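Student: My questions all concern the structure below.
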Amino acid sequence: MEPSDHLFRREAGRIVATLTRIFGVHNLALAEDVTQEAFCRALEVWSFRGMPENPSAWLMATAKNRALDVLRHERTAHAFAPELGRLLESESTLAPMMEELFAVNAIKDDQLRMMFSCCHPRLAEEAQVALILHILCGFSVDEVASAFVNTHAATQKRIARAKNVLAKSKRLFEVVSAVEFSARLPVVHRALYLLFNEGYHGASPETAVRLELCREAMRLTSLLLEHPLGTTPTTHALAALLSLDASRLPARVDSSGDLHSLFDQDRSQWDRELVIEGLKFLELSATGSELTEYHVEAGIAALHAQAPNTQETDWESIVSLYDTLMTLHPSPIVALNRAIAIAQKDGSERGLEAIHSIKNRESLATYPFYSAALGELELRRGKPETAREHFRAAVALARSPMERRFLTRRVNACEQDEIQ
Amino acid sequence: MSEFLYLYRGADRGGSPEQLQQRMQKWTAWMKDLAAKGHMKDQGHPLERTGKLVKGKQKTVTDGPFAEAKDLVGGYTLIEARDLEQAVELSKGCPIFDAESAALEVRPIMNM
């Protein structure tokens, strides 16, 4: 039997979450050690015997047995999860308790507990996302560092500090109190959104790595949807946005690793199943009184997903959704995207005006797609020379070889235009 | 054809889940390849890293096996090869060599 993609990585997240629930959050390092031990056993046994029928169950059972050993032998040296303490101390309650703790639904709740715990209010957003990737998605420090195009040392420091905050938080976040849950939920939404965006727009030169970040964000979001307190209209809106954006991934980066903008994507490559799923989530998000940026962004993505090409796209509705987004969650990037939509609706001149009136435009100075947008609109209004200068500036700011190739193609397009 | 014992020493146990999965896949592929080429006599077993050492006339029992991590035998496999030279050549494809300090001991089984 062949292991499915990233089986170890995914199982590592589930096992660490469950073991941390049992050992207590202050014993996170112990939970990580026991998890590593379970994976080493799997490596050794499976290398000789091949994969078992149900590798996930095998790994979980191995982790459980090892955890039982630890609980029996190190009871005196360690204080384990305080809320489970007495049940784990007595031999007669230990085994049935462990069965309960390793039940499928219990493991799902453990992952949610960990997800919410990683979104600790004392941690910066980047640290929350790094911690989620490291603990719940089984990325090593080096793998997190490469996903965020950061140095090993900086990532190591960030994760160590974040783990320290987590370990000192006394207990894992409890997912039963509706009040606490709802209060932390927006932070979790935001972290999952950022994780997805890192995959979608991030700088990692590895397409496979970025895709994996998107998939992990979607997997964790669907875990949230399975919990009665997590399945809110806003979670549905987030799920809609991620599915609809992800539907474009196959066309966004082609088989030779080249980037294509929304305007020149082969729309037949869009993942129809994800579009349908996204539209279904969007429908489910349209209840209650809360309108979030995820609702609006998903609405925009839905309009793109349903349009046969850029000419037949409902740009008027898209501009008006960007107007709403600017009131909910204003940012220079949102304003830039709004300007691009205005250009589609009212022409390049109006688009350029909108770009020039963006507040805090300076903060976009290092964003390659700001210069690229200027270039695109200049090119369209027949100024290939000005356009080329903007694209050249964009090339200089490119964050990955893929972006550089894409922007260089645009520089070349300007030169061809000049000759004609 | 003669028989040879492979003793795996000091295999790497570190790495991220992703790296461990890749290593495992390399091992199964290597084992399959040996079998496909008709060299596999018995794929053998991995060994626990704990055990006891029973020693001397006194038969004193101590915790063992005492070897340093890099020398510790982690498993064994029985293969068939034309001669020692070929058995050594075949061993070179083993993924254990991805780790700097790991080693593979090739021992001919004595003919009877």
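Lettering and numbering for the structure tokens are positional, with chains as A, B, ... in the shown order, residues counted from 1 in each chain, and ligands counted from 1 in the shown order.
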Name all residues at most 10 Å from Gly375 of chain A (count only C-alpha atoms; drop same-chain ones fewer than 5 positions away) and give them as a VMD selection string.
Tutor: chain A and resid 352 369 to 370 380 383 to 394 410 to 411 414
Student: Taking 2 positions as the minimum chain separation for residues in the same chain, which residues sit within 8 Å of segment 94-110 of chain A when counting only C-alpha atoms? Answer as a PyMOL selection string.
Tutor: chain A and resi 14+17-18+21-22+60+64+87-92+112-114+175+223+227
Student: Would you mind listing, as a list in words, all residues of chain A that have at least one atom within 9 Å of chain B, where only C-alpha atoms are what counts?
Tutor: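 Interface list for chain A against chain B: Glu2, Pro3, His6, Leu7, Phe8, Arg9, Arg10, Glu11, Ala12, Gln36, Glu37, Phe39, Cys40, Ala42, Leu43, Glu44, Val45, Trp46, Ser47, Phe48, Arg49, Gly50, Met51, Gly138, Phe139, Ser140, Val141, Asp142 and Glu143 of chain A.
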Student: Generate the output file for the selected residues, N, CA and C atoms, as a PDB file, in the first residue's frame.
Tutor:
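again-v7.pdb was written with the following content:
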ATOM      1  N   GLU A   2       0.523   2.212  -0.800  1.00  0.00           N
ATOM      2  CA  GLU A   2       1.272   3.461  -0.871  1.00  0.00           C
ATOM      3  C   GLU A   2       0.649   4.487   0.073  1.00  0.00           C
ATOM      4  N   PRO A   3       1.471   5.205   0.823  1.00  0.00           N
ATOM      5  CA  PRO A   3       0.901   6.219   1.708  1.00  0.00           C
ATOM      6  C   PRO A   3       0.353   7.382   0.896  1.00  0.00           C
ATOM      7  N   HIS A   6       1.581  13.228   2.193  1.00  0.00           N
ATOM      8  CA  HIS A   6       1.732  13.909   3.475  1.00  0.00           C
ATOM      9  C   HIS A   6       0.982  13.241   4.621  1.00  0.00           C
ATOM     10  N   LEU A   7       0.863  11.911   4.550  1.00  0.00           N
ATOM     11  CA  LEU A   7       0.180  11.189   5.624  1.00  0.00           C
ATOM     12  C   LEU A   7       0.846  11.446   6.987  1.00  0.00           C
ATOM     13  N   PHE A   8       2.175  11.322   7.035  1.00  0.00           N
ATOM     14  CA  PHE A   8       2.885  11.473   8.306  1.00  0.00           C
ATOM     15  C   PHE A   8       2.639  12.863   8.891  1.00  0.00           C
ATOM     16  N   ARG A   9       2.752  13.855   8.008  1.00  0.00           N
ATOM     17  CA  ARG A   9       2.629  15.234   8.437  1.00  0.00           C
ATOM     18  C   ARG A   9       1.241  15.483   9.057  1.00  0.00           C
ATOM     19  N   ARG A  10       0.243  14.994   8.383  1.00  0.00           N
ATOM     20  CA  ARG A  10      -1.129  15.206   8.847  1.00  0.00           C
ATOM     21  C   ARG A  10      -1.396  14.465  10.153  1.00  0.00           C
ATOM     22  N   GLU A  11      -0.918  13.220  10.210  1.00  0.00           N
ATOM     23  CA  GLU A  11      -1.131  12.430  11.420  1.00  0.00           C
ATOM     24  C   GLU A  11      -0.363  13.029  12.598  1.00  0.00           C
ATOM     25  N   ALA A  12       0.797  13.608  12.316  1.00  0.00           N
ATOM     26  CA  ALA A  12       1.599  14.207  13.394  1.00  0.00           C
ATOM     27  C   ALA A  12       0.781  15.274  14.107  1.00  0.00           C
ATOM     28  N   GLN A  36       7.198  11.847  17.970  1.00  0.00           N
ATOM     29  CA  GLN A  36       8.372  11.523  17.156  1.00  0.00           C
ATOM     30  C   GLN A  36       8.723  10.044  17.304  1.00  0.00           C
ATOM     31  N   GLU A  37       8.610   9.548  18.534  1.00  0.00           N
ATOM     32  CA  GLU A  37       8.900   8.140  18.817  1.00  0.00           C
ATOM     33  C   GLU A  37       7.951   7.233  18.006  1.00  0.00           C
ATOM     34  N   PHE A  39       6.472   7.910  15.214  1.00  0.00           N
ATOM     35  CA  PHE A  39       6.810   7.973  13.789  1.00  0.00           C
ATOM     36  C   PHE A  39       8.084   7.198  13.483  1.00  0.00           C
ATOM     37  N   CYS A  40       9.045   7.207  14.431  1.00  0.00           N
ATOM     38  CA  CYS A  40      10.266   6.412  14.223  1.00  0.00           C
ATOM     39  C   CYS A  40       9.928   4.931  14.166  1.00  0.00           C
ATOM     40  N   ALA A  42       7.083   3.663  13.233  1.00  0.00           N
ATOM     41  CA  ALA A  42       6.405   3.441  11.950  1.00  0.00           C
ATOM     42  C   ALA A  42       7.442   3.319  10.847  1.00  0.00           C
ATOM     43  N   LEU A  43       8.415   4.240  10.863  1.00  0.00           N
ATOM     44  CA  LEU A  43       9.470   4.206   9.841  1.00  0.00           C
ATOM     45  C   LEU A  43      10.167   2.851   9.847  1.00  0.00           C
ATOM     46  N   GLU A  44      10.528   2.374  11.065  1.00  0.00           N
ATOM     47  CA  GLU A  44      11.303   1.144  11.161  1.00  0.00           C
ATOM     48  C   GLU A  44      10.481  -0.077  10.763  1.00  0.00           C
ATOM     49  N   VAL A  45       9.276  -0.170  11.318  1.00  0.00           N
ATOM     50  CA  VAL A  45       8.457  -1.358  11.048  1.00  0.00           C
ATOM     51  C   VAL A  45       7.979  -1.364   9.593  1.00  0.00           C
ATOM     52  N   TRP A  46       7.525  -0.223   9.114  1.00  0.00           N
ATOM     53  CA  TRP A  46       6.965  -0.178   7.758  1.00  0.00           C
ATOM     54  C   TRP A  46       8.044  -0.338   6.688  1.00  0.00           C
ATOM     55  N   SER A  47       9.271   0.085   7.019  1.00  0.00           N
ATOM     56  CA  SER A  47      10.351  -0.099   6.056  1.00  0.00           C
ATOM     57  C   SER A  47      10.530  -1.584   5.752  1.00  0.00           C
ATOM     58  N   PHE A  48      10.369  -2.418   6.788  1.00  0.00           N
ATOM     59  CA  PHE A  48      10.543  -3.860   6.616  1.00  0.00           C
ATOM     60  C   PHE A  48       9.260  -4.542   6.146  1.00  0.00           C
ATOM     61  N   ARG A  49       8.146  -4.121   6.704  1.00  0.00           N
ATOM     62  CA  ARG A  49       6.906  -4.862   6.491  1.00  0.00           C
ATOM     63  C   ARG A  49       5.948  -4.193   5.502  1.00  0.00           C
ATOM     64  N   GLY A  50       6.259  -3.018   5.064  1.00  0.00           N
ATOM     65  CA  GLY A  50       5.332  -2.269   4.216  1.00  0.00           C
ATOM     66  C   GLY A  50       4.272  -1.601   5.069  1.00  0.00           C
ATOM     67  N   MET A  51       3.450  -0.767   4.423  1.00  0.00           N
ATOM     68  CA  MET A  51       2.428  -0.028   5.162  1.00  0.00           C
ATOM     69  C   MET A  51       1.297  -0.958   5.581  1.00  0.00           C
ATOM     70  N   GLY A 138       2.189  19.635  11.242  1.00  0.00           N
ATOM     71  CA  GLY A 138       3.380  18.790  11.236  1.00  0.00           C
ATOM     72  C   GLY A 138       4.555  19.309  10.417  1.00  0.00           C
ATOM     73  N   PHE A 139       4.625  20.637  10.205  1.00  0.00           N
ATOM     74  CA  PHE A 139       5.781  21.205   9.503  1.00  0.00           C
ATOM     75  C   PHE A 139       6.930  21.380  10.496  1.00  0.00           C
ATOM     76  N   SER A 140       8.134  20.952  10.111  1.00  0.00           N
ATOM     77  CA  SER A 140       9.291  21.203  10.969  1.00  0.00           C
ATOM     78  C   SER A 140       9.613  22.691  10.916  1.00  0.00           C
ATOM     79  N   VAL A 141      10.485  23.124  11.831  1.00  0.00           N
ATOM     80  CA  VAL A 141      10.892  24.536  11.836  1.00  0.00           C
ATOM     81  C   VAL A 141      11.432  24.930  10.459  1.00  0.00           C
ATOM     82  N   ASP A 142      12.269  24.065   9.882  1.00  0.00           N
ATOM     83  CA  ASP A 142      12.828  24.378   8.565  1.00  0.00           C
ATOM     84  C   ASP A 142      11.746  24.481   7.498  1.00  0.00           C
ATOM     85  N   GLU A 143      10.757  23.602   7.584  1.00  0.00           N
ATOM     86  CA  GLU A 143       9.679  23.643   6.587  1.00  0.00           C
ATOM     87  C   GLU A 143       8.818  24.896   6.745  1.00  0.00           C
TER      88      GLU A 143
END
Student: As an exercise, work out the distance from atom CA of Leu19 of chain A to atom CA of Thr35 of chain A in Å and give it to one decimal place.
Tutor: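 Atom-to-atom, atom CA of Leu19 of chain A to atom CA of Thr35 of chain A, that is 8.0 Å.
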Student: To one decimal in Å, tell me the separation between atom CA of Leu244 of chain A and atom CA of Gly278 of chain A.
Tutor: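 Distance reported for this atom pair: 5.2 Å.
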Student: Please provide the set of residues having any atom within 8 Å of Glu105 of chain B, restricted to only C-alpha atoms, with same-chain residues fewer than 6 positions apart removed, written as a list in words.
Tutor: Leu5, Tyr6, Leu7, Tyr8 and Arg9 of chain B
Student: Quick one: pull the distance between atom CA of Glu290 of chain A and atom CA of Pro233 of chain A, Å, one decimal.
Tutor: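 The value is 7.9 Å.
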Student: I want to know what sits within 12 Å of Ser268 of chain A, based on only C-alpha atoms, with residues of the same chain fewer than 4 positions away left out; could you give that as a ChimeraX atom specification?
Tutor: /A:247-252,264,272,305-309
Student: I want to know what sits within 10 Å of Gln156 of chain A, based on only C-alpha atoms, with residues of the same chain fewer than 4 positions away left out; could you give that as a list in words?
Tutor: Ser140, Val141, Asp142, Val144, Ala145, Asn150, Thr151, His152, Ala160, Arg161 and Ala162 of chain A
Student: For the alpha helix (DSSP H) assignment from backbone DSSP, which residues of segment 51-191 of chain A qualify? Please present them as a PyMOL selection string.
Tutor: chain A and resi 55-73+85-89+91-101+104-118+125-131+141-147+152-167+178-191
Student: Give me the residues within 6 Å of Leu78 of chain B as a PyMOL selection string, counting only C-alpha atoms and dropping any in the same chain fewer than 4 places off.
Tutor: chain B and resi 4-5+41-42
Student: Write the residues of the selection above to a file with C-alpha atoms, as a PDB file, in the first residue's frame.
Tutor:
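As written to disk, out_0.pdb reads:
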ATOM      1  CA  PHE B   4      24.664 -12.724   3.383  1.00  0.00           C
ATOM      2  CA  LEU B   5      23.407 -10.958   6.453  1.00  0.00           C
ATOM      3  CA  LYS B  41      16.095 -14.342   1.151  1.00  0.00           C
ATOM      4  CA  ASP B  42      14.340 -12.977   4.249  1.00  0.00           C
TER       5      ASP B  42
END
Student: Residues at most 10 Å from segment 62-68 of chain B, counting only C-alpha atoms, excluding those fewer than 4 positions away in the same chain, as a list of chain:residue names?
Tutor: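 Using only C-alpha atoms, the neighbours found are B:Arg9, B:Gly10, B:Arg49, B:Thr50, B:Gly51, B:Lys52, B:Leu53, B:Val54, B:Lys55, B:Leu72, B:Val73.
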Student: So, with only C-alpha atoms as the atoms that count, which of A:Leu262, A:Met115, A:Leu397, A:Ala208 lies closest to Gly230 of chain A?
Tutor: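 Closest candidate: A:Met115.
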Student: Per DSSP on the backbone, what are the strand (DSSP E or B) residues of chain B, as number ranges by chain?
Tutor: B: 2-9, 40-46, 51-55, 60-64, 73-81, 103-108
